[in-house]
$ cat target.tsv   # TSV, C-alpha atoms
chain	number	residue	atom	x	y	z
U	1	MET	CA	149.28	96.95	90.68
U	2	HIS	CA	146.81	97.97	88.00
U	3	ASN	CA	143.21	98.16	89.22
U	4	LYS	CA	140.67	97.57	86.51
U	5	LYS	CA	137.55	99.68	87.11
U	6	ILE	CA	134.31	97.74	86.70
U	7	ASN	CA	131.84	99.41	84.35
U	8	PRO	CA	128.60	100.20	86.29
U	9	HIS	CA	126.59	99.68	83.11
U	10	ILE	CA	127.76	96.08	82.85
U	11	ILE	CA	127.00	95.42	86.53
U	12	CYS	CA	123.52	96.95	86.16
U	13	ALA	CA	122.83	94.94	82.98
U	14	ALA	CA	123.96	91.75	84.75
U	15	VAL	CA	121.64	92.49	87.71
U	16	CYS	CA	118.75	93.13	85.29
U	17	ALA	CA	119.40	89.82	83.54
U	18	PHE	CA	119.64	87.98	86.87
U	19	VAL	CA	116.36	89.48	88.15
U	20	PHE	CA	114.63	88.65	84.85
U	21	VAL	CA	115.82	85.02	84.81
U	22	CYS	CA	114.88	84.49	88.50
U	23	ALA	CA	111.43	85.99	87.89
U	24	LEU	CA	110.95	83.84	84.79
U	25	ILE	CA	111.87	80.64	86.65
U	26	GLY	CA	109.64	81.62	89.59
U	27	THR	CA	106.72	82.35	87.25
U	28	LEU	CA	107.09	79.00	85.47
U	29	ILE	CA	107.16	77.13	88.80
U	30	ILE	CA	104.16	78.97	90.22
U	31	TYR	CA	102.02	78.71	87.08
U	32	ASP	CA	102.71	74.99	86.94
U	33	ALA	CA	100.96	74.39	90.28
U	34	LYS	CA	97.67	72.54	89.89
U	35	PRO	CA	94.59	73.44	91.95
U	36	ALA	CA	94.16	71.51	95.17
U	37	GLY	CA	92.21	71.78	98.41
U	38	GLN	CA	89.14	73.72	99.41
U	39	ILE	CA	88.03	77.19	98.44
U	40	GLU	CA	88.41	79.99	100.93
U	41	ILE	CA	86.91	83.43	100.36
U	42	ILE	CA	88.27	86.28	102.46
U	43	SER	CA	86.64	89.69	102.36
U	44	HIS	CA	88.09	92.65	104.27
U	45	GLY	CA	90.28	90.31	106.30
U	46	GLU	CA	87.43	88.00	107.34
U	47	GLN	CA	86.74	84.52	106.04
U	48	ILE	CA	83.22	84.48	104.61
U	49	TYR	CA	83.26	81.08	102.93
U	50	LYS	CA	85.18	77.88	103.13
U	51	GLY	CA	84.21	74.73	101.33
U	52	ALA	CA	84.06	72.77	98.13
U	53	SER	CA	85.65	74.29	95.05
U	54	VAL	CA	82.91	73.05	92.71
U	55	LYS	CA	79.13	73.01	92.96
U	56	ARG	CA	77.18	70.51	90.92
U	57	GLY	CA	73.79	71.62	89.70
U	58	ALA	CA	72.73	75.23	90.13
U	59	PRO	CA	75.56	77.68	90.76
U	60	VAL	CA	75.97	79.32	94.14
U	61	TYR	CA	76.39	83.09	94.37
U	62	ILE	CA	78.13	84.65	97.34
U	63	ASP	CA	77.87	88.35	98.05
U	64	ALA	CA	81.25	89.52	99.29
U	65	GLY	CA	81.38	92.96	100.87
U	66	ASN	CA	77.77	94.14	100.45
U	67	GLY	CA	77.62	93.83	96.70
U	68	GLU	CA	81.22	94.88	96.07
U	69	ASN	CA	81.92	91.47	94.52
U	70	ILE	CA	79.62	88.63	93.56
U	71	VAL	CA	81.44	85.29	93.64
U	72	ARG	CA	80.08	82.35	91.65
U	73	ILE	CA	80.75	78.71	92.41
U	74	ASP	CA	79.61	76.22	89.78
U	75	GLU	CA	80.67	72.91	88.27
U	76	LYS	CA	83.71	74.54	86.61
U	77	GLY	CA	84.99	76.06	89.83
U	78	VAL	CA	84.97	79.49	91.45
U	79	CYS	CA	85.17	82.91	89.83
U	80	VAL	CA	84.14	86.51	90.43
U	81	GLU	CA	80.88	87.08	88.55
U	82	SER	CA	80.78	90.86	88.96
U	83	ALA	CA	82.59	93.61	90.83
U	84	ASN	CA	82.30	97.34	91.35
U	85	CYS	CA	86.07	97.93	91.31
U	86	PRO	CA	87.43	100.18	88.53
U	87	ASP	CA	89.89	97.74	86.93
U	88	LYS	CA	87.80	94.50	87.09
U	89	ASP	CA	91.00	92.42	87.39
U	90	CYS	CA	89.18	89.95	89.63
U	91	VAL	CA	86.42	89.38	87.04
U	92	ASN	CA	88.91	89.10	84.19
U	93	SER	CA	90.93	86.53	86.16
U	94	GLY	CA	88.26	83.93	85.32
U	95	TYR	CA	88.08	80.69	87.26
U	96	LEU	CA	90.59	80.01	90.01
U	97	LYS	CA	92.99	77.43	88.64
U	98	ASN	CA	96.17	77.70	90.67
U	99	THR	CA	97.01	76.78	94.26
U	100	TYR	CA	99.50	79.60	94.70
U	101	LEU	CA	97.85	82.42	92.79
U	102	PRO	CA	94.62	83.55	94.42
U	103	ILE	CA	91.98	85.68	92.71
U	104	VAL	CA	92.51	89.09	94.23
U	105	CYS	CA	90.43	92.25	94.17
U	106	LEU	CA	92.79	94.77	95.71
U	107	PRO	CA	90.35	97.74	95.82
U	108	ASN	CA	87.68	95.67	97.62
U	109	GLU	CA	90.14	93.60	99.68
U	110	LEU	CA	88.75	90.30	98.39
U	111	ILE	CA	90.82	87.14	98.15
U	112	ILE	CA	89.68	83.77	96.80
U	113	ARG	CA	92.19	80.98	97.18
U	114	TYR	CA	92.69	77.29	97.59
U	115	THR	CA	93.45	76.26	101.11
U	116	LEU	CA	94.79	72.88	102.10
U	117	SER	CA	93.03	71.54	105.15
U	118	GLU	CA	92.88	68.13	106.74
U	119	GLY	CA	90.05	65.96	105.52
U	120	ALA	CA	89.13	68.23	102.64
U	121	ALA	CA	85.97	66.68	101.36
U	122	ASP	CA	84.58	66.56	97.85
U	123	SER	CA	81.17	67.49	99.16
U	124	ASP	CA	79.30	70.34	97.52
U	125	GLU	CA	78.33	71.66	100.92
U	126	PRO	CA	80.45	74.45	102.35
U	127	ASP	CA	82.11	74.10	105.75
U	128	ALA	CA	81.20	77.66	106.63
U	129	ILE	CA	79.42	80.67	105.18
U	130	SER	CA	79.23	83.91	107.07
U	131	GLN	CA	77.79	87.10	105.66
C	1	MET	CA	114.23	127.93	91.56
C	2	ASN	CA	113.82	129.83	88.29
C	3	THR	CA	110.73	130.11	86.13
C	4	LYS	CA	112.11	127.77	83.47
C	5	ARG	CA	112.63	125.01	86.01
C	6	ILE	CA	109.19	125.50	87.59
C	7	THR	CA	107.65	125.30	84.10
C	8	GLU	CA	109.56	122.11	83.32
C	9	MET	CA	108.45	120.58	86.63
C	10	ALA	CA	104.82	121.54	86.00
C	11	LEU	CA	104.98	120.12	82.47
C	12	LEU	CA	106.45	116.82	83.64
C	13	THR	CA	103.79	116.51	86.36
C	14	ALA	CA	100.98	117.29	83.90
C	15	VAL	CA	102.31	114.89	81.26
C	16	GLY	CA	102.71	112.15	83.89
C	17	LEU	CA	99.15	112.69	85.02
C	18	ILE	CA	97.77	112.62	81.48
C	19	ILE	CA	99.69	109.41	80.72
C	20	HIS	CA	98.31	107.86	83.92
C	21	VAL	CA	94.71	108.75	82.99
C	22	ILE	CA	95.12	107.51	79.39
C	23	GLU	CA	96.75	104.29	80.63
C	24	SER	CA	93.72	103.53	82.77
C	25	PHE	CA	91.68	103.18	79.55
C	26	ILE	CA	94.06	100.64	78.00
C	27	PRO	CA	92.60	97.13	78.39
C	28	GLN	CA	94.67	94.80	80.51
C	29	LEU	CA	96.53	92.13	78.54
C	30	ILE	CA	97.20	89.83	81.51
C	31	PRO	CA	94.48	89.42	84.16
C	32	VAL	CA	96.89	89.71	87.07
C	33	PRO	CA	96.38	92.48	89.64
C	34	GLY	CA	99.05	95.15	89.38
C	35	VAL	CA	100.22	94.31	85.86
C	36	LYS	CA	100.25	97.60	83.96
C	37	PRO	CA	102.50	99.15	81.30
C	38	GLY	CA	103.55	101.85	83.79
C	39	LEU	CA	103.95	104.46	81.08
C	40	ALA	CA	104.09	107.24	83.67
C	41	ASN	CA	107.51	105.83	84.57
C	42	ILE	CA	108.77	107.69	81.47
C	43	VAL	CA	108.11	110.95	83.31
C	44	THR	CA	109.74	109.65	86.50
C	45	LEU	CA	112.90	108.77	84.57
C	46	LEU	CA	112.97	112.11	82.76
C	47	ALA	CA	112.54	113.94	86.08
C	48	LEU	CA	115.36	111.95	87.67
C	49	TYR	CA	117.72	112.57	84.75
C	50	ARG	CA	116.84	116.17	83.95
C	51	LEU	CA	116.11	117.76	87.33
C	52	PRO	CA	118.06	118.07	90.57
C	53	LYS	CA	117.22	115.40	93.14
C	54	ARG	CA	114.88	117.56	95.25
C	55	GLU	CA	112.87	118.86	92.31
C	56	ALA	CA	112.63	115.40	90.75
C	57	LEU	CA	111.21	113.98	93.97
C	58	LEU	CA	108.70	116.84	94.13
C	59	VAL	CA	107.48	116.08	90.59
C	60	ILE	CA	107.14	112.35	91.39
C	61	ALA	CA	105.31	113.03	94.68
C	62	ALA	CA	102.91	115.44	92.95
C	63	ARG	CA	102.21	112.91	90.22
C	64	VAL	CA	101.49	110.10	92.69
C	65	ILE	CA	99.18	112.23	94.84
C	66	LEU	CA	97.29	113.72	91.88
C	67	SER	CA	97.01	110.31	90.15
C	68	SER	CA	95.41	108.87	93.28
C	69	ILE	CA	92.94	111.77	93.46
C	70	PHE	CA	91.99	111.38	89.78
C	71	GLY	CA	92.04	107.63	89.49
C	72	GLY	CA	91.25	106.05	92.82
C	73	GLY	CA	91.24	106.56	96.54
C	74	LEU	CA	93.29	105.89	99.60
C	75	LEU	CA	94.12	102.30	98.63
C	76	THR	CA	95.30	103.41	95.19
C	77	PHE	CA	97.50	105.99	96.87
C	78	ILE	CA	98.99	103.42	99.27
C	79	TYR	CA	99.81	101.01	96.44
C	80	SER	CA	101.19	103.79	94.22
C	81	PHE	CA	103.19	105.33	97.04
C	82	SER	CA	104.75	102.07	98.24
C	83	GLY	CA	105.65	101.08	94.68
C	84	CYS	CA	107.02	104.52	93.94
C	85	LEU	CA	109.10	104.56	97.13
C	86	MET	CA	110.78	101.26	96.26
C	87	SER	CA	111.27	102.30	92.66
C	88	ILE	CA	112.89	105.63	93.61
C	89	ALA	CA	115.12	103.91	96.19
C	90	VAL	CA	116.48	101.74	93.37
C	91	MET	CA	116.52	104.25	90.50
C	92	LEU	CA	117.83	107.36	92.25
C	93	PRO	CA	121.35	106.03	93.00
C	94	LEU	CA	121.50	104.33	89.60
C	95	THR	CA	120.70	107.52	87.68
C	96	ARG	CA	123.88	109.02	89.19
C	97	VAL	CA	126.13	106.35	87.66
C	98	ILE	CA	124.25	105.18	84.55
C	99	ARG	CA	124.43	107.44	81.51
C	100	PRO	CA	121.11	108.67	79.99
C	101	ARG	CA	121.79	106.56	76.90
C	102	TYR	CA	121.38	103.44	79.08
C	103	MET	CA	118.34	104.78	80.94
C	104	PHE	CA	116.53	101.49	80.33
C	105	LEU	CA	118.76	99.74	82.89
C	106	PRO	CA	117.59	101.70	85.96
C	107	SER	CA	114.10	101.63	84.43
C	108	VAL	CA	114.00	97.80	84.38
C	109	LEU	CA	115.19	97.52	87.99
C	110	GLY	CA	112.94	100.39	89.08
C	111	ALA	CA	109.87	98.78	87.52
C	112	ALA	CA	110.66	95.45	89.19
C	113	ALA	CA	111.14	97.24	92.53
C	114	HIS	CA	107.88	99.16	92.01
C	115	ASN	CA	105.92	95.92	91.63
C	116	ALA	CA	107.72	94.40	94.61
C	117	GLY	CA	106.73	97.45	96.68
C	118	GLN	CA	103.11	97.05	95.68
C	119	ILE	CA	103.15	93.37	96.63
C	120	ILE	CA	104.58	94.25	100.06
C	121	ALA	CA	101.79	96.81	100.52
C	122	ALA	CA	99.17	94.25	99.42
C	123	ILE	CA	100.54	91.67	101.89
C	124	ILE	CA	100.41	94.20	104.75
C	125	ILE	CA	96.93	95.51	103.87
C	126	ASN	CA	95.35	92.09	103.29
C	127	ARG	CA	97.41	90.36	106.01
C	128	LEU	CA	98.06	87.54	103.55
C	129	PRO	CA	101.71	86.53	102.99
C	130	SER	CA	100.67	84.08	100.24
C	131	LEU	CA	100.15	87.08	97.95
C	132	ALA	CA	103.95	86.96	97.56
C	133	ALA	CA	103.24	84.23	94.98
C	134	TYR	CA	102.43	87.07	92.58
C	135	LEU	CA	105.94	88.49	92.98
C	136	PRO	CA	107.70	86.52	90.20
C	137	VAL	CA	105.05	87.30	87.56
C	138	LEU	CA	104.90	90.95	88.61
C	139	VAL	CA	108.69	91.30	88.57
C	140	LEU	CA	108.80	89.59	85.17
C	141	THR	CA	106.17	91.87	83.63
C	142	GLY	CA	107.82	94.81	85.42
C	143	CYS	CA	111.13	94.03	83.70
C	144	ILE	CA	109.49	93.94	80.28
C	145	ALA	CA	107.45	97.11	80.89
C	146	GLY	CA	110.49	98.82	82.42
C	147	LEU	CA	112.58	98.05	79.36
C	148	PHE	CA	109.94	99.58	77.10
C	149	THR	CA	109.43	102.72	79.24
C	150	GLY	CA	113.19	103.10	79.68
C	151	LEU	CA	113.79	103.00	75.93
C	152	ALA	CA	110.92	105.46	75.40
C	153	ALA	CA	112.31	107.81	78.08
C	154	GLY	CA	115.79	107.59	76.53
C	155	PHE	CA	114.32	108.45	73.13
C	156	VAL	CA	112.49	111.49	74.55
C	157	HIS	CA	115.54	112.59	76.56
C	158	SER	CA	117.80	112.49	73.50
C	159	ARG	CA	115.43	114.81	71.64
C	160	LEU	CA	114.97	117.36	74.41
C	161	PRO	CA	117.40	120.29	74.59
C	162	ASN	CA	120.23	119.74	77.06
C	163	ARG	CA	120.12	121.68	80.28

$ encode --input "target.tsv" --output "C-alpha coordinates"
Amino acid sequence: MHNKKINPHIICAAVCAFVFVCALIGTLIIYDAKPAGQIEIISHGEQIYKGASVKRGAPVYIDAGNGENIVRIDEKGVCVESANCPDKDCVNSGYLKNTYLPIVCLPNELIIRYTLSEGAADSDEPDAISQ
Amino acid sequence: MNTKRITEMALLTAVGLIIHVIESFIPQLIPVPGVKPGLANIVTLLALYRLPKREALLVIAARVILSSIFGGGLLTFIYSFSGCLMSIAVMLPLTRVIRPRYMFLPSVLGAAAHNAGQIIAAIIINRLPSLAAYLPVLVLTGCIAGLFTGLAAGFVHSRLPNR
(Lines of atoms letter the chains of each structure in order from A and count residues from 1; the text may use other names and numbers.)
(Lines give C-alpha, C1' and ligand atoms only; values in the text may rest on other atoms or scores of the structure.)
Protein backbone atom coordinates (compact mmCIF):
# COMPACT_ATOMS: atom_id res chain seq x y z
CA MET A 1 0.00 0.00 0.00
CA HIS A 2 1.34 3.40 -0.98
CA ASN A 3 1.66 5.83 1.92
CA LYS A 4 1.39 9.44 0.90
CA LYS A 5 3.63 11.63 3.09
CA ILE A 6 1.92 14.76 4.36
CA ASN A 7 3.87 17.93 3.68
CA PRO A 8 4.73 19.63 7.03
CA HIS A 9 4.52 23.04 5.34
CA ILE A 10 0.88 22.47 4.42
CA ILE A 11 0.04 21.28 7.95
CA CYS A 12 1.79 24.31 9.47
CA ALA A 13 0.03 26.70 7.06
CA ALA A 14 -3.32 25.10 7.91
CA VAL A 15 -2.64 25.49 11.66
CA CYS A 16 -1.68 29.15 11.10
CA ALA A 17 -4.90 29.76 9.19
CA PHE A 18 -6.96 28.00 11.87
CA VAL A 19 -5.36 30.02 14.70
CA PHE A 20 -5.87 33.26 12.75
CA VAL A 21 -9.56 32.57 12.02
CA CYS A 22 -10.26 31.52 15.65
CA ALA A 23 -8.53 34.65 16.96
CA LEU A 24 -10.45 36.83 14.49
CA ILE A 25 -13.81 35.35 15.53
CA GLY A 26 -12.89 35.66 19.23
CA THR A 27 -11.84 39.29 18.75
CA LEU A 28 -15.09 40.17 16.96
CA ILE A 29 -17.16 38.56 19.73
CA ILE A 30 -15.24 40.24 22.54
CA TYR A 31 -15.18 43.69 20.95
CA ASP A 32 -18.92 43.49 20.39
CA ALA A 33 -19.62 43.32 24.14
CA LYS A 34 -21.25 46.48 25.47
CA PRO A 35 -20.30 47.97 28.84
CA ALA A 36 -22.41 46.84 31.77
CA GLY A 37 -22.23 46.81 35.55
CA GLN A 38 -20.17 48.76 38.05
CA ILE A 39 -16.60 49.92 37.88
CA GLU A 40 -13.99 48.08 39.87
CA ILE A 41 -10.43 49.37 40.25
CA ILE A 42 -7.81 46.90 41.40
CA SER A 43 -4.31 48.06 42.25
CA HIS A 44 -1.57 45.60 43.20
CA GLY A 45 -4.15 42.87 43.75
CA GLU A 46 -6.36 44.96 46.05
CA GLN A 47 -9.70 46.51 45.22
CA ILE A 48 -9.44 50.25 45.82
CA TYR A 49 -12.73 51.36 44.28
CA LYS A 50 -16.04 49.88 43.38
CA GLY A 51 -19.01 51.90 42.27
CA ALA A 52 -20.75 53.83 39.56
CA SER A 53 -19.13 53.94 36.14
CA VAL A 54 -20.06 57.58 35.53
CA LYS A 55 -19.90 60.68 37.70
CA ARG A 56 -22.14 63.60 36.90
CA GLY A 57 -20.76 67.03 37.64
CA ALA A 58 -17.13 67.42 38.64
CA PRO A 59 -14.90 64.48 37.77
CA VAL A 60 -13.49 62.25 40.49
CA TYR A 61 -9.78 61.46 40.56
CA ILE A 62 -8.52 58.32 42.24
CA ASP A 63 -4.85 57.87 43.07
CA ALA A 64 -3.97 54.25 42.41
CA GLY A 65 -0.65 53.04 43.77
CA ASN A 66 0.76 56.24 45.31
CA GLY A 67 0.70 58.33 42.17
CA GLU A 68 1.58 55.49 39.80
CA ASN A 69 -1.76 55.97 38.03
CA ILE A 70 -4.40 58.66 38.33
CA VAL A 71 -7.84 57.35 37.38
CA ARG A 72 -10.56 59.77 36.31
CA ILE A 73 -14.28 59.11 36.52
CA ASP A 74 -16.52 61.64 34.81
CA GLU A 75 -19.79 61.78 32.89
CA LYS A 76 -18.24 59.91 29.93
CA GLY A 77 -17.00 57.03 32.06
CA VAL A 78 -13.68 55.94 33.54
CA CYS A 79 -10.18 56.32 32.13
CA VAL A 80 -6.58 56.59 33.26
CA GLU A 81 -5.70 60.30 33.36
CA SER A 82 -1.95 59.86 33.85
CA ALA A 83 0.56 57.13 34.58
CA ASN A 84 4.26 56.79 35.26
CA CYS A 85 4.63 53.55 33.29
CA PRO A 86 6.97 53.63 30.26
CA ASP A 87 4.49 52.55 27.56
CA LYS A 88 1.38 54.52 28.70
CA ASP A 89 -0.89 51.82 27.25
CA CYS A 90 -3.39 52.41 30.05
CA VAL A 91 -3.64 56.15 29.26
CA ASN A 92 -3.88 55.51 25.52
CA SER A 93 -6.69 52.99 26.10
CA GLY A 94 -9.06 55.91 26.70
CA TYR A 95 -12.41 55.34 28.37
CA LEU A 96 -13.40 51.84 29.41
CA LYS A 97 -16.02 50.70 26.93
CA ASN A 98 -16.07 46.93 27.03
CA THR A 99 -17.27 44.44 29.64
CA TYR A 100 -14.63 41.86 28.79
CA LEU A 101 -11.60 44.01 28.08
CA PRO A 102 -10.39 45.84 31.18
CA ILE A 103 -8.01 48.79 31.13
CA VAL A 104 -4.73 47.27 32.24
CA CYS A 105 -1.46 48.82 33.34
CA LEU A 106 0.82 45.81 33.50
CA PRO A 107 3.91 47.59 34.93
CA ASN A 108 1.89 49.11 37.80
CA GLU A 109 -0.45 46.12 38.23
CA LEU A 110 -3.58 48.24 37.78
CA ILE A 111 -6.83 46.86 36.42
CA ILE A 112 -10.03 48.81 35.78
CA ARG A 113 -12.98 46.71 34.74
CA TYR A 114 -16.71 46.37 34.73
CA THR A 115 -18.01 44.00 37.33
CA LEU A 116 -21.51 42.62 37.40
CA SER A 117 -22.94 42.66 40.89
CA GLU A 118 -26.43 42.26 42.25
CA GLY A 119 -28.35 45.49 42.62
CA ALA A 120 -25.85 47.56 40.68
CA ALA A 121 -27.13 51.05 41.18
CA ASP A 122 -26.94 54.04 38.91
CA SER A 123 -25.91 56.21 41.81
CA ASP A 124 -22.85 58.41 41.45
CA GLU A 125 -21.69 57.38 44.89
CA PRO A 126 -19.13 54.60 45.08
CA ASP A 127 -19.79 51.47 47.12
CA ALA A 128 -16.24 51.50 48.42
CA ILE A 129 -13.05 53.51 48.18
CA SER A 130 -9.93 52.44 49.98
CA GLN A 131 -6.58 54.12 49.59
CA MET B 1 32.86 26.90 19.64
CA ASN B 2 34.99 28.78 17.10
CA THR B 3 35.58 32.50 16.86
CA LYS B 4 33.34 32.89 13.81
CA ARG B 5 30.39 31.36 15.65
CA ILE B 6 30.98 33.45 18.80
CA THR B 7 31.10 36.57 16.60
CA GLU B 8 27.86 35.61 14.88
CA MET B 9 26.18 34.97 18.24
CA ALA B 10 27.40 38.32 19.61
CA LEU B 11 26.19 40.11 16.47
CA LEU B 12 22.75 38.53 16.63
CA THR B 13 22.42 39.43 20.32
CA ALA B 14 23.52 43.03 19.70
CA VAL B 15 21.22 43.45 16.69
CA GLY B 16 18.29 41.98 18.67
CA LEU B 17 18.97 44.40 21.50
CA ILE B 18 19.20 47.40 19.17
CA ILE B 19 15.94 46.42 17.46
CA HIS B 20 14.28 46.08 20.87
CA VAL B 21 15.43 49.56 21.96
CA ILE B 22 14.40 51.16 18.64
CA GLU B 23 11.02 49.39 18.78
CA SER B 24 10.31 50.95 22.16
CA PHE B 25 10.28 54.37 20.45
CA ILE B 26 7.70 53.35 17.84
CA PRO B 27 4.27 54.68 18.83
CA GLN B 28 1.69 52.02 19.53
CA LEU B 29 -0.95 51.67 16.82
CA ILE B 30 -3.46 49.76 18.95
CA PRO B 31 -3.89 50.75 22.62
CA VAL B 32 -3.92 47.17 23.86
CA PRO B 33 -1.30 46.06 26.40
CA GLY B 34 1.22 43.69 24.86
CA VAL B 35 0.54 44.58 21.22
CA LYS B 36 3.94 45.25 19.66
CA PRO B 37 5.52 44.57 16.25
CA GLY B 38 7.99 42.17 17.91
CA LEU B 39 10.74 43.01 15.44
CA ALA B 40 13.34 41.32 17.64
CA ASN B 41 11.67 38.06 16.61
CA ILE B 42 13.65 38.42 13.35
CA VAL B 43 16.82 37.77 15.34
CA THR B 44 15.23 34.85 17.20
CA LEU B 45 14.29 33.22 13.89
CA LEU B 46 17.73 33.81 12.39
CA ALA B 47 19.37 32.32 15.49
CA LEU B 48 17.12 29.26 15.35
CA TYR B 49 17.78 28.69 11.64
CA ARG B 50 21.47 29.56 11.51
CA LEU B 51 22.88 28.32 14.80
CA PRO B 52 22.88 24.96 16.57
CA LYS B 53 20.10 24.57 19.14
CA ARG B 54 22.25 25.30 22.21
CA GLU B 55 23.86 28.43 20.77
CA ALA B 56 20.52 29.72 19.47
CA LEU B 57 18.99 29.39 22.94
CA LEU B 58 21.97 31.22 24.43
CA VAL B 59 21.51 34.14 22.02
CA ILE B 60 17.76 34.33 22.79
CA ALA B 61 18.34 34.15 26.57
CA ALA B 62 20.99 36.88 26.39
CA ARG B 63 18.68 39.09 24.36
CA VAL B 64 15.77 38.67 26.77
CA ILE B 65 17.89 39.35 29.86
CA LEU B 66 19.67 42.37 28.35
CA SER B 67 16.41 43.78 26.93
CA SER B 68 14.87 43.66 30.40
CA ILE B 69 17.88 45.43 31.90
CA PHE B 70 17.78 48.17 29.23
CA GLY B 71 14.06 48.59 28.87
CA GLY B 72 12.32 47.68 32.09
CA GLY B 73 12.60 45.73 35.29
CA LEU B 74 11.62 42.46 36.83
CA LEU B 75 8.06 42.55 35.49
CA THR B 76 9.31 43.22 31.96
CA PHE B 77 11.64 40.26 32.32
CA ILE B 78 8.85 37.96 33.54
CA TYR B 79 6.57 38.92 30.63
CA SER B 80 9.41 38.66 28.09
CA PHE B 81 10.65 35.37 29.50
CA SER B 82 7.22 33.69 29.65
CA GLY B 83 6.41 34.84 26.11
CA CYS B 84 9.81 33.77 24.84
CA LEU B 85 9.53 30.35 26.50
CA MET B 86 6.20 29.63 24.81
CA SER B 87 7.43 30.98 21.50
CA ILE B 88 10.60 28.84 21.55
CA ALA B 89 8.58 25.75 22.56
CA VAL B 90 6.52 26.21 19.39
CA MET B 91 9.20 27.45 16.98
CA LEU B 92 12.11 25.17 17.88
CA PRO B 93 10.53 21.90 16.67
CA LEU B 94 9.05 23.65 13.64
CA THR B 95 12.40 25.06 12.48
CA ARG B 96 13.61 21.45 12.17
CA VAL B 97 10.91 20.53 9.63
CA ILE B 98 10.06 23.83 7.92
CA ARG B 99 12.49 25.06 5.27
CA PRO B 100 14.00 28.57 5.72
CA ARG B 101 12.05 29.76 2.68
CA TYR B 102 8.83 29.25 4.68
CA MET B 103 10.22 30.77 7.88
CA PHE B 104 7.09 32.90 8.21
CA LEU B 105 5.06 29.82 9.20
CA PRO B 106 6.89 29.08 12.49
CA SER B 107 7.11 32.86 12.98
CA VAL B 108 3.31 33.28 12.90
CA LEU B 109 2.73 30.43 15.36
CA GLY B 110 5.65 31.55 17.53
CA ALA B 111 4.33 35.11 17.75
CA ALA B 112 0.86 33.85 18.68
CA ALA B 113 2.40 31.58 21.34
CA HIS B 114 4.54 34.47 22.62
CA ASN B 115 1.45 36.60 23.24
CA ALA B 116 -0.36 33.66 24.82
CA GLY B 117 2.61 33.18 27.18
CA GLN B 118 2.48 36.83 28.18
CA ILE B 119 -1.24 36.61 28.89
CA ILE B 120 -0.67 33.55 31.10
CA ALA B 121 2.02 35.49 33.00
CA ALA B 122 -0.32 38.50 33.36
CA ILE B 123 -3.12 36.27 34.69
CA ILE B 124 -0.77 34.70 37.27
CA ILE B 125 0.79 38.02 38.35
CA ASN B 126 -2.49 39.94 38.59
CA ARG B 127 -4.51 36.93 39.80
CA LEU B 128 -7.19 37.88 37.30
CA PRO B 129 -8.38 35.13 34.91
CA SER B 130 -10.58 37.63 33.04
CA LEU B 131 -7.42 39.01 31.42
CA ALA B 132 -7.73 35.98 29.12
CA ALA B 133 -10.25 38.13 27.21
CA TYR B 134 -7.22 39.82 25.65
CA LEU B 135 -6.04 36.51 24.20
CA PRO B 136 -7.93 36.60 20.87
CA VAL B 137 -6.83 40.15 20.00
CA LEU B 138 -3.25 39.44 21.07
CA VAL B 139 -3.12 36.19 19.08
CA LEU B 140 -4.62 37.99 16.07
CA THR B 141 -2.10 40.84 16.17
CA GLY B 142 0.62 38.27 16.92
CA CYS B 143 -0.24 36.39 13.71
CA ILE B 144 -0.01 39.56 11.64
CA ALA B 145 3.22 40.73 13.29
CA GLY B 146 4.65 37.20 13.07
CA LEU B 147 3.96 37.05 9.34
CA PHE B 148 5.77 40.34 8.82
CA THR B 149 8.80 39.42 10.98
CA GLY B 150 8.93 35.95 9.43
CA LEU B 151 9.03 37.38 5.91
CA ALA B 152 11.68 39.90 7.00
CA ALA B 153 13.78 37.14 8.62
CA GLY B 154 13.45 34.99 5.49
CA PHE B 155 14.61 37.92 3.37
CA VAL B 156 17.65 38.49 5.60
CA HIS B 157 18.45 34.77 5.77
CA SER B 158 18.41 34.42 1.97
CA ARG B 159 20.98 37.20 1.67
CA LEU B 160 23.37 35.96 4.33
CA PRO B 161 26.14 33.55 3.30
CA ASN B 162 25.27 29.92 3.94
CA ARG B 163 27.00 28.19 6.79

$ interface_residues --input "target.tsv" --of "chain C" --to "chain U" --cutoff "7 Å" --atoms "all atoms listed in the file" --output "VMD selection string"
chain C and resid 31 to 33 75 97 to 98 105 108 to 109 126 133 to 134 136 to 137 139 to 140 143

$ axis_aligned_box --input "target.tsv" --around "region 120-128 of chain C" --padding-each-side "3 Å" --output "JSON"
{"center_x": 100.0, "center_y": 92.2, "center_z": 102.7, "size_x": 15.2, "size_y": 15.3, "size_z": 12.6}

$ atom_distance --input "target.tsv" --atom1 "CA of Ala40 (chain C)" --atom2 "CA of His20 (chain C)"
5.8 Å

$ residues_around --input "target.tsv" --residues "region 7-14 of chain C" --least-positions-apart "2" --cutoff "8 Å" --atoms "only C-alpha atoms" --output "list in words"
Thr3, Lys4, Arg5, Gly16, Leu17, Ile18, Val43, Ala47, Glu55, Ala56, Val59, Ile60, Ala62 and Arg63 of chain C

$ residues_around --input "target.tsv" --residues "Ser80 (chain C)" --least-positions-apart "2" --cutoff "8 Å" --atoms "only C-alpha atoms" --output "CSV table (one decimal) with C-alpha atoms, in the frame of the given file"
chain,number,residue,atom,x,y,z
C,64,VAL,CA,101.5,110.1,92.7
C,68,SER,CA,95.4,108.9,93.3
C,76,THR,CA,95.3,103.4,95.2
C,77,PHE,CA,97.5,106.0,96.9
C,78,ILE,CA,99.0,103.4,99.3
C,82,SER,CA,104.8,102.1,98.2
C,83,GLY,CA,105.6,101.1,94.7
C,84,CYS,CA,107.0,104.5,93.9
C,118,GLN,CA,103.1,97.0,95.7

$ atom_distance --input "target.tsv" --atom1 "CA of Leu151 (chain C)" --atom2 "CA of Lys53 (chain C)"
21.5 Å

$ atom_distance --input "target.tsv" --atom1 "CA of Tyr49 (chain C)" --atom2 "CA of Ser24 (chain C)"
25.7 Å
